[in-house]
Each structure stands twice: as C-alpha cells, then as structure tokens.
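A short write-up of the structure that comes next.
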Amino acid sequence: MADLRWDLPSAAAVEELIRAPLPLGLRAGAPQWTFHRDLYFDTTSGDLRGRGVTCRLRYDVRDRRWLALDVPGVDRCEAMVSDLDPRVVLAGATEPARRLRALIDPARLEILLELEVERRLRPACLPIVRLPQVVLGFDRITARHRGASLTFHELVVWRARGGVLAPAWLGRALARRHELRAAPSDRLERALGMHAALAREVEAATAERRVGVIAVAHGRLAL
C-alpha cells in the first residue's frame with residue numbers, strides 16, 4: 001500500500017504539527033531524523049514520461065542505494081545497488097536496469113529532477129503498550145530542475161512494523177484537526193508542475209518589464 005500524504009503549507013505548520021498532541025490519547029515516541037535524495041531520469045524529449053514510466057535512483061544517509069522502475073500495468077521493480085555512479089547503475093545487471101533497457105537505451109537518459117528529502121519522524125504509540133503503531137514523517141522537500149530549486153512540505157503516514165492501527169485513520173484525524181489538504185499523488189509530477197509554474201511567473205515578469213533609452217547630446221534630445 002502506498003504511503004498516505006498531506007500537504008503542509010509552511011515550515012511553521014510543520015513545527016506546529018510536530019508539537020501538537022496526537023488524536024485519541026496516542027503517545028508520541030522518540031523523534032528521529034533521516035535524509036534521502038531521489039534522482040529521476042528521462043530523455044530530453046521525455047520518452048519515459050510520455051509512456052507513464054518512472055525511473056528513480058535513491059541514495060539515503062545510511063549509504064544505501066535503490067533503483068526503482070515503475071511501468072503502467074506492471075508491478076514496481078526495485079533493487080538495492082552497490083555502485084555510486086548513476087550511469088553504472090542504469091547500465092547494470094539488476095532487474096530494474098534490465099527492464100529499463102527493454103524500454104530505452106540508458107545512455108540517452110539524463111537527470112530530469114532531483115529531490116532532497118529531509119524527514120523528521122514521529123512514531124505514534126498506544127498509551128499503555130508503548131509500541132509504535134503508525135509513523136508520521138514530516139518531509140521538507142527541495143526540488144532541483146534545470147538549475148532552479150524550490151521547497152515544499154508534506155506529512156507522510158505509514159504503518160509501523162508490527163502495528164495494528166490503520167495509518168489512514170490517524171492521517172485523516174490529523175487532517176481534519178489541522179485542516180490539511182491531501183497532497184498530489186505523484187510527487188515527481190507535483191515538483192515538475194511547480195517548476196513549470198515558477199518558470200511561467202518569471203517569464204511573465206520579464207515580459208512586463210520595459211526599458212526606455214533616451215539619447216542626449218550637446219543639449220539636444222533624440223526622439
């Protein structure tokens with residue numbers, strides 16, 4: 001089951017939610033911190049996105065790496081990899097790399113988007129048996145695309161190992177209490193859409209700027 005996600009409007013909202021009491025007497029466990037970086041690949045002409053395919057290489061702070069390939073109508077294919085160089089990983093012998101070569105020559109791929117995810121974890125525990133039931137991840141995401149970067153925040157909710165409570169129940173309770181909106185289902189498309197909107201704003205601001213040049217020489221004005 002995919003993680004459940006809600007949009008957080010600001011860094012201040014993140015801090016407020018981290019400090020807020022959990023619903024129905026649940027207790028917060030010891031806070032944790034983690035970090036990972038996701039690289040998304042495609043050709044300059046968008047061949048993979050045009051087919052609905054996503055190719056992602058993840059690096060985490062514990063020196064682990066995974067290559068994942070999502071193809072419409074096919075189960076996600078993911079494998080841990082040992083190489084650091086993305087080119088070597090994409091041309092490697094793992095199952096996602098082999099499947100990728102059925103779709104496209106990996107030599108044609110380049111980094112489409114880079115997501116840096118700083119995640120603060122807050123386990124939710126039962127009041128008596130202090131075993132984590134659900135994990136709340138407060139994500140600060142920096143999206144880098146074509147030399148530009150922007151930041152947004154999300155709440156991610158998933159079931160803890162051995163947990164019996166439904167993560168959707170806790171996530172919806174928090175969303176109602178703090179008036180949160182569901183985040184777009186595809187983080188890649190969300191980040192690219194935000195970059196496209198930013199580019200349009202910059203282009204519009206540039207188009208509205210007017211420059212006037214007046215030539216003046218020996219007391220005479222050129223019109």
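For the structure tokens, the naming scheme is as follows: chains receive sequential letters (A, B, ...) according to their order of presentation, residues are indexed from 1 within each chain, and ligands are indexed from 1 in presentation order.
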Please provide the set of residues having any atom within 7 Å of segment 159-176 of chain A, restricted to only C-alpha atoms, with same-chain residues fewer than 3 positions apart removed, written as a PyMOL selection string. chain A and resi 4+23+132-135+179-181
Restricting the output to N, CA and C atoms, write the selected residues as a short mmCIF file (atom, residue, chain, number, x, y, z; two decimals), in the first residue's frame.
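The new file again.cif reads:
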data_model
loop_
_atom_site.label_atom_id
_atom_site.label_comp_id
_atom_site.auth_asym_id
_atom_site.auth_seq_id
_atom_site.Cartn_x
_atom_site.Cartn_y
_atom_site.Cartn_z
N LEU A 4 0.43 7.44 2.67
CA LEU A 4 -0.59 8.48 2.62
C LEU A 4 0.09 9.82 2.88
N PRO A 23 -4.14 12.38 18.21
CA PRO A 23 -5.55 12.11 18.49
C PRO A 23 -5.75 10.90 19.39
N PRO A 132 5.31 1.39 18.66
CA PRO A 132 4.86 2.23 17.55
C PRO A 132 3.79 1.53 16.72
N GLN A 133 2.73 2.25 16.41
CA GLN A 133 1.65 1.74 15.58
C GLN A 133 1.68 2.36 14.18
N VAL A 134 1.88 3.66 14.16
CA VAL A 134 1.91 4.42 12.91
C VAL A 134 3.10 5.37 12.99
N VAL A 135 3.73 5.62 11.86
CA VAL A 135 4.85 6.57 11.81
C VAL A 135 4.43 7.79 11.00
N GLU A 179 -6.82 20.95 9.37
CA GLU A 179 -7.32 21.46 8.07
C GLU A 179 -6.26 21.30 6.97
N LEU A 180 -5.78 20.07 6.83
CA LEU A 180 -4.77 19.77 5.83
C LEU A 180 -5.43 19.25 4.55
N ARG A 181 -4.82 19.54 3.43
CA ARG A 181 -5.28 19.02 2.15
C ARG A 181 -4.42 17.83 1.75
#
Could you give me, as number ranges by chain, the residues within 12 Å of Ala97 of chain A, counting only C-alpha atoms and dropping anything in the same chain fewer than 5 positions from it? A: 55-57, 66-70, 77-81, 86-92, 102-107
Between A:Leu48, A:Ala148, A:Ala183, A:Leu121, which has the minimum distance to Gln32 of chain A (counting only C-alpha atoms)? A:Leu121
What lies within 10 Å of Ala20 of chain A using only C-alpha atoms, ignoring chain neighbours under 4 positions off, as a PyMOL selection string? chain A and resi 14-16+28+174+178
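Taking atom CA of Pro184 of chain A and atom CA of Val53 of chain A as endpoints, the distance between them is 17.4 Å.
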Write out as CSV the residues of segment 98-193 of chain A that have any atom within 6 Å of an atom of segment 34-37 of chain A, one row each with the nearest atom pair and its distance in Å to one decimal, counting only C-alpha atoms, sorted by chain and then rising number.
residue,atom,partner,partner_atom,distance
A:Leu115,CA,A:Arg37,CA,5.7
A:Glu116,CA,A:Arg37,CA,4.5
A:Val117,CA,A:His36,CA,5.4
A:Glu118,CA,A:Phe35,CA,4.6
A:Arg119,CA,A:Thr34,CA,5.2
Would you give me, as a VMD selection string, the residues in segment 6-115 of chain A that DSSP reads as strand (DSSP E)? chain A and resid 6 to 8 27 to 28 32 to 42 54 to 60 65 to 70 77 to 80 110 to 115
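For segment 56-184 of chain A, backbone-based DSSP labels the following residues as alpha helix (DSSP H): Pro86, Arg87, Val88, Val89, Leu90, Glu95, Pro96, Ala97, Arg98, Arg99, Leu100, Arg101, Ala102, Leu103, Pro167, Ala168, Trp169, Leu170, Gly171, Arg172, Ala173, Leu174, Ala175, Arg176, Arg177 and His178 of chain A.
For the pair atom CA of Thr151 of chain A and atom CA of Thr43 of chain A, the interatomic distance is 24.3 Å.
Minimum atom-to-atom distance to Arg187 of chain A, evaluated using only C-alpha atoms, belongs to A:His153 out of A:Gly46, A:Ile18, A:Arg98, A:His153.
Each of A:Arg177, A:Gly52, A:Arg5, A:Arg140 was compared to Gly73 of chain A using only C-alpha atoms, and A:Gly52 turns out to be the nearest.
Across the model, the gap from atom CA of Asp3 of chain A to atom CA of Leu126 of chain A is 20.7 Å.
Minimum atom-to-atom distance to Asp75 of chain A, evaluated using only C-alpha atoms, belongs to A:Arg99 out of A:Asp60, A:Arg99, A:Leu131, A:Tyr40.
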